[in-house]
Each structure stands twice: as structure tokens, then as C-alpha cells.
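query_21.pdb follows; it contains PDB, C-alpha atoms.
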ATOM      1  CA  MET A   1      -1.222  -2.557  15.141  1.00  0.00           C
ATOM      2  CA  ALA A   2      -4.074  -1.067  13.129  1.00  0.00           C
ATOM      3  CA  LEU A   3      -7.417  -0.422  14.771  1.00  0.00           C
ATOM      4  CA  GLY A   4      -9.338   0.542  11.652  1.00  0.00           C
ATOM      5  CA  VAL A   5      -9.166   1.907   8.082  1.00  0.00           C
ATOM      6  CA  ARG A   6     -11.877   4.099   6.530  1.00  0.00           C
ATOM      7  CA  LEU A   7     -12.277   5.957   3.209  1.00  0.00           C
ATOM      8  CA  PHE A   8     -14.636   8.905   2.810  1.00  0.00           C
ATOM      9  CA  VAL A   9     -15.434  10.491  -0.560  1.00  0.00           C
ATOM     10  CA  SER A  10     -17.364  13.465  -1.817  1.00  0.00           C
ATOM     11  CA  VAL A  11     -19.529  12.184  -4.659  1.00  0.00           C
ATOM     12  CA  ILE A  12     -19.242  15.519  -6.488  1.00  0.00           C
ATOM     13  CA  GLY A  13     -16.153  15.789  -8.660  1.00  0.00           C
ATOM     14  CA  LEU A  14     -14.710  12.322  -8.016  1.00  0.00           C
ATOM     15  CA  HIS A  15     -14.417   9.406 -10.401  1.00  0.00           C
ATOM     16  CA  LEU A  16     -15.511   6.627  -8.075  1.00  0.00           C
ATOM     17  CA  SER A  17     -18.544   5.249  -9.893  1.00  0.00           C
ATOM     18  CA  SER A  18     -17.364   1.636  -9.947  1.00  0.00           C
ATOM     19  CA  LEU A  19     -16.414   1.749  -6.269  1.00  0.00           C
ATOM     20  CA  LEU A  20     -19.732   3.313  -5.266  1.00  0.00           C
ATOM     21  CA  TYR A  21     -21.591   0.682  -7.264  1.00  0.00           C
ATOM     22  CA  VAL A  22     -19.898  -2.083  -5.315  1.00  0.00           C
ATOM     23  CA  CYS A  23     -20.537  -0.256  -2.059  1.00  0.00           C
ATOM     24  CA  SER A  24     -24.239   0.060  -2.767  1.00  0.00           C
ATOM     25  CA  CYS A  25     -24.645  -3.601  -1.871  1.00  0.00           C
ATOM     26  CA  GLY A  26     -22.636  -3.146   1.333  1.00  0.00           C
ATOM     27  CA  THR A  27     -19.657  -5.314   0.389  1.00  0.00           C
ATOM     28  CA  LEU A  28     -16.997  -2.700   1.211  1.00  0.00           C
ATOM     29  CA  LEU A  29     -18.490  -1.374   4.442  1.00  0.00           C
ATOM     30  CA  ASP A  30     -17.663  -3.220   7.635  1.00  0.00           C
ATOM     31  CA  PRO A  31     -21.015  -3.993   9.341  1.00  0.00           C
ATOM     32  CA  THR A  32     -19.464  -3.130  12.720  1.00  0.00           C
ATOM     33  CA  THR A  33     -18.598   0.432  11.667  1.00  0.00           C
ATOM     34  CA  PRO A  34     -20.558   2.865  13.881  1.00  0.00           C
ATOM     35  CA  VAL A  35     -23.512   4.496  12.116  1.00  0.00           C
ATOM     36  CA  GLU A  36     -22.450   7.964  13.267  1.00  0.00           C
ATOM     37  CA  VAL A  37     -19.330   7.897  11.063  1.00  0.00           C
ATOM     38  CA  LEU A  38     -21.077   7.012   7.792  1.00  0.00           C
ATOM     39  CA  ASN A  39     -21.353  10.684   6.843  1.00  0.00           C
ATOM     40  CA  ARG A  40     -19.311  13.720   7.803  1.00  0.00           C
ATOM     41  CA  LYS A  41     -18.227  17.151   6.686  1.00  0.00           C
ATOM     42  CA  GLY A  42     -14.975  17.376   4.758  1.00  0.00           C
ATOM     43  CA  PRO A  43     -12.158  19.848   5.411  1.00  0.00           C
ATOM     44  CA  ASN A  44     -13.757  22.344   3.017  1.00  0.00           C
ATOM     45  CA  GLY A  45     -17.304  21.847   4.283  1.00  0.00           C
ATOM     46  CA  GLU A  46     -18.322  19.347   1.600  1.00  0.00           C
ATOM     47  CA  ASP A  47     -20.505  16.323   2.380  1.00  0.00           C
ATOM     48  CA  MET A  48     -18.361  13.183   2.689  1.00  0.00           C
ATOM     49  CA  HIS A  49     -19.777   9.656   2.529  1.00  0.00           C
ATOM     50  CA  LEU A  50     -18.101   6.500   3.811  1.00  0.00           C
ATOM     51  CA  VAL A  51     -17.574   3.975   0.986  1.00  0.00           C
ATOM     52  CA  PHE A  52     -15.070   1.594   2.590  1.00  0.00           C
ATOM     53  CA  SER A  53     -14.273   0.545   6.154  1.00  0.00           C
ATOM     54  CA  ASP A  54     -12.478  -2.281   7.923  1.00  0.00           C
ATOM     55  CA  GLU A  55     -12.597  -2.337  11.717  1.00  0.00           C
ATOM     56  CA  PHE A  56     -10.726  -5.697  12.017  1.00  0.00           C
ATOM     57  CA  ASN A  57     -13.239  -6.946  14.591  1.00  0.00           C
ATOM     58  CA  VAL A  58     -13.496 -10.497  13.228  1.00  0.00           C
ATOM     59  CA  PRO A  59     -10.896 -12.611  15.082  1.00  0.00           C
ATOM     60  CA  SER A  60      -8.254 -14.865  13.490  1.00  0.00           C
ATOM     61  CA  ARG A  61      -8.538 -13.489   9.954  1.00  0.00           C
ATOM     62  CA  SER A  62      -6.102 -14.802   7.366  1.00  0.00           C
ATOM     63  CA  PHE A  63      -4.534 -12.383   4.891  1.00  0.00           C
ATOM     64  CA  SER A  64      -2.607 -14.915   2.812  1.00  0.00           C
ATOM     65  CA  ASP A  65      -2.948 -14.593  -0.967  1.00  0.00           C
ATOM     66  CA  GLY A  66      -6.558 -15.230  -2.012  1.00  0.00           C
ATOM     67  CA  SER A  67      -7.941 -15.340   1.548  1.00  0.00           C
ATOM     68  CA  ASP A  68      -9.282 -11.789   1.867  1.00  0.00           C
ATOM     69  CA  PRO A  69     -11.284  -9.661  -0.628  1.00  0.00           C
ATOM     70  CA  VAL A  70      -9.327  -6.451   0.099  1.00  0.00           C
ATOM     71  CA  TRP A  71      -5.987  -7.217   1.783  1.00  0.00           C
ATOM     72  CA  THR A  72      -3.083  -9.453   0.749  1.00  0.00           C
ATOM     73  CA  ALA A  73      -0.199 -10.181   3.112  1.00  0.00           C
ATOM     74  CA  LEU A  74       3.007 -10.664   1.141  1.00  0.00           C
ATOM     75  CA  GLU A  75       4.998 -13.888   1.175  1.00  0.00           C
ATOM     76  CA  LYS A  76       8.337 -12.692  -0.167  1.00  0.00           C
ATOM     77  CA  ASN A  77      11.613 -10.976   0.495  1.00  0.00           C
ATOM     78  CA  ASP A  78      11.759  -7.205   0.923  1.00  0.00           C
ATOM     79  CA  TYR A  79      14.502  -5.917  -1.376  1.00  0.00           C
ATOM     80  CA  THR A  80      14.032  -2.264  -0.427  1.00  0.00           C
ATOM     81  CA  ASN A  81      15.875   0.001   2.016  1.00  0.00           C
ATOM     82  CA  ALA A  82      18.324  -2.722   3.139  1.00  0.00           C
ATOM     83  CA  ALA A  83      15.484  -4.459   4.989  1.00  0.00           C
ATOM     84  CA  LEU A  84      16.492  -7.143   7.492  1.00  0.00           C
ATOM     85  CA  HIS A  85      13.185  -9.009   7.385  1.00  0.00           C
ATOM     86  CA  TYR A  86      11.272 -11.451   5.207  1.00  0.00           C
ATOM     87  CA  TYR A  87       7.535 -10.845   4.760  1.00  0.00           C
ATOM     88  CA  THR A  88       5.158 -13.661   5.654  1.00  0.00           C
ATOM     89  CA  ALA A  89       1.367 -13.809   5.970  1.00  0.00           C
ATOM     90  CA  LYS A  90       1.781 -15.700   9.254  1.00  0.00           C
ATOM     91  CA  ALA A  91       2.942 -12.467  10.902  1.00  0.00           C
ATOM     92  CA  ALA A  92      -0.463 -10.764  10.452  1.00  0.00           C
ATOM     93  CA  THR A  93      -3.799 -11.636  12.039  1.00  0.00           C
ATOM     94  CA  THR A  94      -6.683 -10.076  13.964  1.00  0.00           C
ATOM     95  CA  GLU A  95      -7.080 -10.248  17.734  1.00  0.00           C
ATOM     96  CA  ASP A  96      -9.181  -8.266  20.224  1.00  0.00           C
ATOM     97  CA  GLY A  97     -10.668  -6.060  17.509  1.00  0.00           C
ATOM     98  CA  LYS A  98      -7.277  -5.124  16.075  1.00  0.00           C
ATOM     99  CA  LEU A  99      -5.076  -6.034  13.142  1.00  0.00           C
ATOM    100  CA  LYS A 100      -1.782  -7.169  14.663  1.00  0.00           C
ATOM    101  CA  ILE A 101       1.514  -7.369  12.782  1.00  0.00           C
ATOM    102  CA  ARG A 102       4.328  -9.054  14.663  1.00  0.00           C
ATOM    103  CA  THR A 103       8.044  -8.832  13.955  1.00  0.00           C
ATOM    104  CA  ARG A 104       9.976 -11.782  15.308  1.00  0.00           C
ATOM    105  CA  ILE A 105      13.401 -13.402  15.229  1.00  0.00           C
ATOM    106  CA  ASN A 106      12.601 -16.118  12.705  1.00  0.00           C
ATOM    107  CA  PRO A 107      15.410 -17.123  10.281  1.00  0.00           C
ATOM    108  CA  LYS A 108      14.337 -17.767   6.687  1.00  0.00           C
ATOM    109  CA  THR A 109      16.575 -18.967   3.820  1.00  0.00           C
ATOM    110  CA  PHE A 110      15.357 -18.358   0.284  1.00  0.00           C
ATOM    111  CA  LYS A 111      16.455 -17.937  -3.318  1.00  0.00           C
ATOM    112  CA  SER A 112      17.341 -14.324  -4.091  1.00  0.00           C
ATOM    113  CA  LEU A 113      18.573 -12.375  -7.111  1.00  0.00           C
ATOM    114  CA  ASN A 114      21.873 -10.582  -6.587  1.00  0.00           C
ATOM    115  CA  GLU A 115      21.336  -7.226  -8.310  1.00  0.00           C
ATOM    116  CA  LYS A 116      25.067  -6.733  -8.901  1.00  0.00           C
ATOM    117  CA  THR A 117      25.929 -10.138 -10.386  1.00  0.00           C
ATOM    118  CA  LYS A 118      22.413 -10.772 -11.815  1.00  0.00           C
ATOM    119  CA  LYS A 119      22.645 -14.324 -10.508  1.00  0.00           C
ATOM    120  CA  TYR A 120      20.426 -16.192  -8.068  1.00  0.00           C
ATOM    121  CA  GLU A 121      21.888 -17.220  -4.741  1.00  0.00           C
ATOM    122  CA  ARG A 122      20.770 -18.389  -1.314  1.00  0.00           C
ATOM    123  CA  GLU A 123      20.096 -15.664   1.222  1.00  0.00           C
ATOM    124  CA  THR A 124      19.079 -15.822   4.881  1.00  0.00           C
ATOM    125  CA  LYS A 125      17.173 -13.169   6.786  1.00  0.00           C
ATOM    126  CA  HIS A 126      16.785 -13.512  10.530  1.00  0.00           C
ATOM    127  CA  TYR A 127      13.569 -11.557  11.097  1.00  0.00           C
ATOM    128  CA  SER A 128      10.010 -12.000   9.851  1.00  0.00           C
ATOM    129  CA  SER A 129       7.275  -9.384   9.609  1.00  0.00           C
ATOM    130  CA  ALA A 130       4.217  -8.590   7.480  1.00  0.00           C
ATOM    131  CA  MET A 131       3.056  -6.115   4.845  1.00  0.00           C
ATOM    132  CA  LEU A 132      -0.628  -5.929   3.894  1.00  0.00           C
ATOM    133  CA  GLN A 133      -1.505  -4.490   0.488  1.00  0.00           C
ATOM    134  CA  SER A 134      -4.735  -3.672  -1.329  1.00  0.00           C
ATOM    135  CA  TRP A 135      -2.929  -3.602  -4.689  1.00  0.00           C
ATOM    136  CA  ASN A 136      -5.227  -4.401  -7.636  1.00  0.00           C
ATOM    137  CA  LYS A 137      -8.075  -5.132  -5.209  1.00  0.00           C
ATOM    138  CA  PHE A 138      -9.147  -1.792  -3.803  1.00  0.00           C
ATOM    139  CA  CYS A 139      -8.332   1.360  -5.779  1.00  0.00           C
ATOM    140  CA  PHE A 140      -9.673   4.902  -5.615  1.00  0.00           C
ATOM    141  CA  THR A 141      -8.967   8.205  -7.308  1.00  0.00           C
ATOM    142  CA  GLY A 142      -9.756  10.638  -4.521  1.00  0.00           C
ATOM    143  CA  GLY A 143     -11.206  10.995  -1.076  1.00  0.00           C
ATOM    144  CA  TYR A 144     -10.261  11.172   2.569  1.00  0.00           C
ATOM    145  CA  VAL A 145      -8.555   8.198   4.200  1.00  0.00           C
ATOM    146  CA  GLU A 146      -8.680   7.736   7.958  1.00  0.00           C
ATOM    147  CA  VAL A 147      -6.449   5.221   9.728  1.00  0.00           C
ATOM    148  CA  ARG A 148      -6.195   4.566  13.433  1.00  0.00           C
ATOM    149  CA  ALA A 149      -3.012   2.737  14.385  1.00  0.00           C
ATOM    150  CA  ARG A 150      -0.456   2.376  17.146  1.00  0.00           C
ATOM    151  CA  PRO A 151       3.207   1.892  16.165  1.00  0.00           C
ATOM    152  CA  PRO A 152       5.216  -0.676  18.130  1.00  0.00           C
ATOM    153  CA  GLY A 153       7.776  -0.084  20.839  1.00  0.00           C
ATOM    154  CA  ASN A 154       9.451   3.073  22.036  1.00  0.00           C
ATOM    155  CA  ALA A 155       9.304   5.950  19.536  1.00  0.00           C
ATOM    156  CA  TYR A 156      12.894   6.890  20.409  1.00  0.00           C
ATOM    157  CA  THR A 157      14.368   3.422  19.803  1.00  0.00           C
ATOM    158  CA  GLY A 158      15.736   2.846  16.295  1.00  0.00           C
ATOM    159  CA  GLY A 159      15.543  -0.237  14.112  1.00  0.00           C
ATOM    160  CA  LEU A 160      11.813  -0.296  13.261  1.00  0.00           C
ATOM    161  CA  TRP A 161      10.063   1.399  10.339  1.00  0.00           C
ATOM    162  CA  PRO A 162       6.299   0.979  10.759  1.00  0.00           C
ATOM    163  CA  ALA A 163       4.324   2.763   8.057  1.00  0.00           C
ATOM    164  CA  LEU A 164       0.880   3.214   6.549  1.00  0.00           C
ATOM    165  CA  TRP A 165       0.912   4.671   3.060  1.00  0.00           C
ATOM    166  CA  MET A 166      -0.682   4.761  -0.376  1.00  0.00           C
ATOM    167  CA  MET A 167       0.916   4.149  -3.749  1.00  0.00           C
ATOM    168  CA  GLY A 168      -0.253   4.509  -7.343  1.00  0.00           C
ATOM    169  CA  ASN A 169      -1.502   1.210  -8.717  1.00  0.00           C
ATOM    170  CA  LEU A 170       0.952   1.172 -11.657  1.00  0.00           C
ATOM    171  CA  ALA A 171       3.612  -0.074  -9.235  1.00  0.00           C
ATOM    172  CA  ARG A 172       3.493  -2.623  -6.426  1.00  0.00           C
ATOM    173  CA  ALA A 173       5.490  -2.065  -3.257  1.00  0.00           C
ATOM    174  CA  THR A 174       8.567  -4.326  -2.820  1.00  0.00           C
ATOM    175  CA  TYR A 175       8.203  -5.594  -6.417  1.00  0.00           C
ATOM    176  CA  VAL A 176      11.066  -3.355  -7.408  1.00  0.00           C
ATOM    177  CA  GLY A 177      10.871  -4.015 -11.158  1.00  0.00           C
ATOM    178  CA  SER A 178       7.346  -2.600 -11.240  1.00  0.00           C
ATOM    179  CA  SER A 179       8.410   0.737  -9.745  1.00  0.00           C
ATOM    180  CA  ASP A 180      11.430   1.374 -11.974  1.00  0.00           C
ATOM    181  CA  TRP A 181      10.920   4.735 -13.710  1.00  0.00           C
ATOM    182  CA  MET A 182       7.495   5.026 -12.043  1.00  0.00           C
ATOM    183  CA  TRP A 183       8.227   5.992  -8.429  1.00  0.00           C
ATOM    184  CA  PRO A 184       7.999   8.267  -6.463  1.00  0.00           C
ATOM    185  CA  TRP A 185       6.036  10.992  -8.304  1.00  0.00           C
ATOM    186  CA  SER A 186       4.051  11.830 -11.398  1.00  0.00           C
ATOM    187  CA  TYR A 187       4.594  15.290 -12.838  1.00  0.00           C
ATOM    188  CA  ASP A 188       3.012  17.097 -15.787  1.00  0.00           C
ATOM    189  CA  GLU A 189       5.331  20.080 -16.157  1.00  0.00           C
ATOM    190  CA  CYS A 190       8.860  19.787 -17.438  1.00  0.00           C
ATOM    191  CA  GLU A 191      10.343  23.130 -16.554  1.00  0.00           C
ATOM    192  CA  GLY A 192      12.055  23.457 -13.213  1.00  0.00           C
ATOM    193  CA  HIS A 193      11.793  19.817 -12.183  1.00  0.00           C
ATOM    194  CA  PRO A 194      14.978  18.653 -10.424  1.00  0.00           C
ATOM    195  CA  SER A 195      15.175  15.212 -12.021  1.00  0.00           C
ATOM    196  CA  PRO A 196      13.121  14.725 -15.213  1.00  0.00           C
ATOM    197  CA  SER A 197      15.069  11.566 -16.084  1.00  0.00           C
ATOM    198  CA  SER A 198      13.739   9.752 -13.000  1.00  0.00           C
ATOM    199  CA  GLN A 199      10.326   9.162 -14.596  1.00  0.00           C
ATOM    200  CA  MET A 200      10.112   7.404 -17.941  1.00  0.00           C
ATOM    201  CA  PHE A 201       6.828   8.978 -19.046  1.00  0.00           C
ATOM    202  CA  ASN A 202       6.927  12.684 -18.282  1.00  0.00           C
ATOM    203  CA  ALA A 203       6.250  16.146 -19.617  1.00  0.00           C
ATOM    204  CA  CYS A 204       9.852  16.562 -20.804  1.00  0.00           C
ATOM    205  CA  GLN A 205       9.525  13.958 -23.549  1.00  0.00           C
ATOM    206  CA  LYS A 206       9.495  15.223 -27.117  1.00  0.00           C
ATOM    207  CA  GLU A 207       7.197  12.445 -28.326  1.00  0.00           C
ATOM    208  CA  LYS A 208       3.802  11.479 -26.981  1.00  0.00           C
ATOM    209  CA  HIS A 209       3.589   8.049 -25.396  1.00  0.00           C
ATOM    210  CA  TYR A 210       0.901   5.882 -27.023  1.00  0.00           C
ATOM    211  CA  GLY A 211      -1.585   8.714 -27.252  1.00  0.00           C
ATOM    212  CA  MET A 212      -1.320   9.667 -23.586  1.00  0.00           C
ATOM    213  CA  GLY A 213       0.117  13.075 -24.347  1.00  0.00           C
ATOM    214  CA  ARG A 214       3.199  14.493 -22.665  1.00  0.00           C
ATOM    215  CA  GLY A 215       1.902  14.324 -19.126  1.00  0.00           C
ATOM    216  CA  GLY A 216       3.361  12.341 -16.276  1.00  0.00           C
ATOM    217  CA  ARG A 217       2.574   8.697 -15.736  1.00  0.00           C
ATOM    218  CA  GLY A 218       3.891   7.300 -12.493  1.00  0.00           C
ATOM    219  CA  ALA A 219       3.162   5.696  -9.139  1.00  0.00           C
ATOM    220  CA  PRO A 220       3.305   8.437  -6.510  1.00  0.00           C
ATOM    221  CA  GLU A 221       3.783   7.459  -2.890  1.00  0.00           C
ATOM    222  CA  VAL A 222       1.702   9.293  -0.291  1.00  0.00           C
TER
END
Step by step, read the file and then write its structure as C-alpha cells.
Amino acid sequence: MALGVRLFVSVIGLHLSSLLYVCSCGTLLDPTTPVEVLNRKGPNGEDMHLVFSDEFNVPSRSFSDGSDPVWTALEKNDYTNAALHYYTAKAATTEDGKLKIRTRINPKTFKSLNEKTKKYERETKHYSSAMLQSWNKFCFTGGYVEVRARPPGNAYTGGLWPALWMMGNLARATYVGSSDWMWPWSYDECEGHPSPSSQMFNACQKEKHYGMGRGGRGAPEV
């Protein structure tokens, strides 16, 4: 479960003008965020200002597509990492001031593309869970992200992979076609890199790509 997500930025040296403009009218700050956390000192002593927060205090929120201004709960299969679950928005809601994601035994049969045969077939997954994304809704180019969360179950019991992470907006998690040749890094120097062929647009290319130079263009995962 997640208890809150906050983003702090230092106005100096960051390209966040559009985000700060939206925040000036209060639309990206949760009104229940404590006043004492609106400003703080950064790790290098710089002044940091809160520009986004979500405390998940409103009960029974829906995160289905189009229901929330920042978060979207997926309604699709997870093709990655041999996942055993199907993502559904019904597995995510808010209760008791917390965002709760539940994984359940819940068989689901759906149409799926077989990557080997390139043909569609029927597939059944026996577990359901949820993934919330801010893709194409809430983007930033720098800052300090603070998340308070509690993973499920016993930390020493295998089978679960709870995670909170960021990804470059050029790719969208679990939409595997969007991350081909984009994930997991973006690098601007060719020499010494272990796998220059893994990223389509990189510093090892002889030709510039549509005026972007020979720098990297990818979707890093953090």
C-alpha cells in the first residue's frame, strides 16, 4: 500500500515552468498535505518547494482510465518478466487514508499475442493485481520524489514483486512495443559502453537522428 507521494523541486536550474504554472492554482497539491512539508532543504542545502502531492485521503477513489487527473490503473495483461497476473483497475482503491493494491486469485481469460508465432490466442491468468501510472499525465525533468509505502506480506517470502519506480515518458511500462530500443538507459557517450546496440538512438551512430545530434534518446528506469 502507498501512504503518500510527493515531489519537491528546486526552482533554480530546473525546467519545470509548465508544471509550476499548473501548481500555482493548487491543482497538483493535495489540500490535506501538512503545511510544514511544503518547503524543505535539499540534500545539498538548496531550497526545495513542493509542487505535487497525493496523500490518498479521499476514500473509494477510482483509478480506471479517465477517472483520475494524475493516475491511471491499467486494464491489460502484463507481458513482462513472466508475470502471472492480469492488471485491473478494480484491484486499486483508497481506504483509511491509504492507496491499497490487492493481489487476488481471480482467473481472467483474454486475447493475447504469442510473440513466437505472432498469432493471437486465448490465454488465462489466475491472479489479478494493479499498476498505477502517471504516464503522459504528470511529467517532470528533475526534483526530489518522496514516497511512503509498505510492501505486502513477509519480506522473506518469494513470489511478489512490489515496486515504485519512474520511467522516461518515451516508453510506457508493460506496453512492450513502446520500450523496444528505448529501455533501460539513455547514454550520450559511445566509448566504453557495454551494449551500444541496445539503444536505437545513441552516441555511437554515425548519422544524426532528425537533428537531435548523436546523443542518447531513451526511456531510463529509475
Output as JSON lines one row per residue of region 118-203 of chain A within 9 Å of region 85-101 of chain A: the closest atom pair and its distance in Å to one decimal place, counting all atoms listed in the file, sorted by chain and residue number ascending.
{"residue": "A:Thr124", "atom": "CA", "partner": "A:Tyr86", "partner_atom": "CA", "distance": 9.0}
{"residue": "A:Lys125", "atom": "CA", "partner": "A:His85", "partner_atom": "CA", "distance": 5.8}
{"residue": "A:His126", "atom": "CA", "partner": "A:His85", "partner_atom": "CA", "distance": 6.6}
{"residue": "A:Tyr127", "atom": "CA", "partner": "A:His85", "partner_atom": "CA", "distance": 4.5}
{"residue": "A:Ser128", "atom": "CA", "partner": "A:Tyr86", "partner_atom": "CA", "distance": 4.8}
{"residue": "A:Ser129", "atom": "CA", "partner": "A:Tyr87", "partner_atom": "CA", "distance": 5.1}
{"residue": "A:Ala130", "atom": "CA", "partner": "A:Tyr87", "partner_atom": "CA", "distance": 4.8}
{"residue": "A:Met131", "atom": "CA", "partner": "A:Tyr87", "partner_atom": "CA", "distance": 6.5}
{"residue": "A:Leu132", "atom": "CA", "partner": "A:Ala92", "partner_atom": "CA", "distance": 8.1}
Considering all atoms listed in the file, return as a PDB file with C-alpha atoms, keeping the file's coordinate frame whatever protein or nucleic-acid residues lie within 8 Å of Gly4 (chain A), sequence-local ones (same chain, fewer than 4 positions apart) excluded.
ATOM      1  CA  SER A  53     -14.273   0.545   6.154  1.00  0.00           C
ATOM      2  CA  ASP A  54     -12.478  -2.281   7.923  1.00  0.00           C
ATOM      3  CA  GLU A  55     -12.597  -2.337  11.717  1.00  0.00           C
ATOM      4  CA  PHE A  56     -10.726  -5.697  12.017  1.00  0.00           C
ATOM      5  CA  LYS A  98      -7.277  -5.124  16.075  1.00  0.00           C
ATOM      6  CA  LEU A  99      -5.076  -6.034  13.142  1.00  0.00           C
ATOM      7  CA  VAL A 147      -6.449   5.221   9.728  1.00  0.00           C
ATOM      8  CA  ARG A 148      -6.195   4.566  13.433  1.00  0.00           C
ATOM      9  CA  ALA A 149      -3.012   2.737  14.385  1.00  0.00           C
TER      10      ALA A 149
END
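Counting from CA of Leu170 (chain A), the distance to CA of Lys111 (chain A) is 26.0 Å.
One finds CA of Arg104 (chain A) at 15.3 Å from CA of Pro151 (chain A).
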Please identify all polymer residues within 12 Å of Thr80 (chain A), counting only C-alpha atoms, omitting same-chain residues fewer than 3 positions from it, and present them as a list in words. Lys76, Asn77, Ala83, Leu84, His85, Tyr86, Tyr87, Glu115, Ala173, Thr174, Tyr175, Val176, Gly177 and Ser179 of chain A
For those residues, write C-alpha atoms to a file as a PDB file, in the coordinates of the input.
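Output saved as again_24.pdb:
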ATOM      1  CA  LYS A  76       8.337 -12.692  -0.167  1.00  0.00           C
ATOM      2  CA  ASN A  77      11.613 -10.976   0.495  1.00  0.00           C
ATOM      3  CA  ALA A  83      15.484  -4.459   4.989  1.00  0.00           C
ATOM      4  CA  LEU A  84      16.492  -7.143   7.492  1.00  0.00           C
ATOM      5  CA  HIS A  85      13.185  -9.009   7.385  1.00  0.00           C
ATOM      6  CA  TYR A  86      11.272 -11.451   5.207  1.00  0.00           C
ATOM      7  CA  TYR A  87       7.535 -10.845   4.760  1.00  0.00           C
ATOM      8  CA  GLU A 115      21.336  -7.226  -8.310  1.00  0.00           C
ATOM      9  CA  ALA A 173       5.490  -2.065  -3.257  1.00  0.00           C
ATOM     10  CA  THR A 174       8.567  -4.326  -2.820  1.00  0.00           C
ATOM     11  CA  TYR A 175       8.203  -5.594  -6.417  1.00  0.00           C
ATOM     12  CA  VAL A 176      11.066  -3.355  -7.408  1.00  0.00           C
ATOM     13  CA  GLY A 177      10.871  -4.015 -11.158  1.00  0.00           C
ATOM     14  CA  SER A 179       8.410   0.737  -9.745  1.00  0.00           C
TER      15      SER A 179
END
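In this comparison, which uses all atoms listed in the file, the residue of A:Ser62, A:Leu28, A:Arg102, A:Asp180 approaching Cys139 (chain A) most closely is A:Leu28.
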Some atoms are missing, so please complete region 70-84 of chain A with N, CA, C and O atoms and return it as a compact mmCIF listing (two decimals), in the frame of the given file.
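What landed in rebuild_36.txt:
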# COMPACT_ATOMS: atom_id res chain seq x y z
N VAL A 70 -9.96 -7.76 0.22
CA VAL A 70 -9.33 -6.45 0.10
C VAL A 70 -7.83 -6.49 0.35
O VAL A 70 -7.04 -5.86 -0.35
N TRP A 71 -7.39 -7.25 1.36
CA TRP A 71 -5.99 -7.22 1.78
C TRP A 71 -5.25 -8.49 1.37
O TRP A 71 -5.80 -9.58 1.41
N THR A 72 -3.98 -8.32 1.01
CA THR A 72 -3.08 -9.45 0.75
C THR A 72 -1.80 -9.26 1.55
O THR A 72 -1.13 -8.23 1.40
N ALA A 73 -1.47 -10.21 2.39
CA ALA A 73 -0.20 -10.18 3.11
C ALA A 73 0.87 -10.86 2.25
O ALA A 73 0.67 -11.98 1.79
N LEU A 74 1.96 -10.15 2.03
CA LEU A 74 3.01 -10.66 1.14
C LEU A 74 3.69 -11.90 1.72
O LEU A 74 3.77 -12.08 2.93
N GLU A 75 4.20 -12.72 0.81
CA GLU A 75 5.00 -13.89 1.18
C GLU A 75 6.24 -13.82 0.31
O GLU A 75 6.39 -14.52 -0.69
N LYS A 76 7.17 -12.93 0.68
CA LYS A 76 8.34 -12.69 -0.17
C LYS A 76 9.39 -11.87 0.58
O LYS A 76 9.12 -11.30 1.63
N ASN A 77 10.54 -11.79 -0.04
CA ASN A 77 11.61 -10.98 0.50
C ASN A 77 11.31 -9.49 0.25
O ASN A 77 10.65 -9.13 -0.71
N ASP A 78 11.82 -8.65 1.13
CA ASP A 78 11.76 -7.20 0.92
C ASP A 78 13.13 -6.75 0.46
O ASP A 78 14.09 -6.76 1.22
N TYR A 79 13.22 -6.33 -0.80
CA TYR A 79 14.50 -5.92 -1.38
C TYR A 79 14.83 -4.46 -1.07
O TYR A 79 15.93 -4.00 -1.36
N THR A 80 13.88 -3.72 -0.52
CA THR A 80 14.03 -2.26 -0.43
C THR A 80 14.67 -1.82 0.89
O THR A 80 14.52 -2.46 1.93
N ASN A 81 15.36 -0.70 0.83
CA ASN A 81 15.88 0.00 2.02
C ASN A 81 16.72 -0.88 2.93
O ASN A 81 16.72 -0.70 4.16
N ALA A 82 17.45 -1.84 2.35
CA ALA A 82 18.32 -2.72 3.14
C ALA A 82 17.56 -3.42 4.27
O ALA A 82 18.05 -3.56 5.39
N ALA A 83 16.35 -3.84 3.97
CA ALA A 83 15.48 -4.46 4.99
C ALA A 83 16.11 -5.74 5.54
O ALA A 83 16.72 -6.53 4.80
N LEU A 84 15.93 -5.97 6.82
CA LEU A 84 16.49 -7.14 7.49
C LEU A 84 15.48 -8.26 7.64
O LEU A 84 15.80 -9.31 8.19
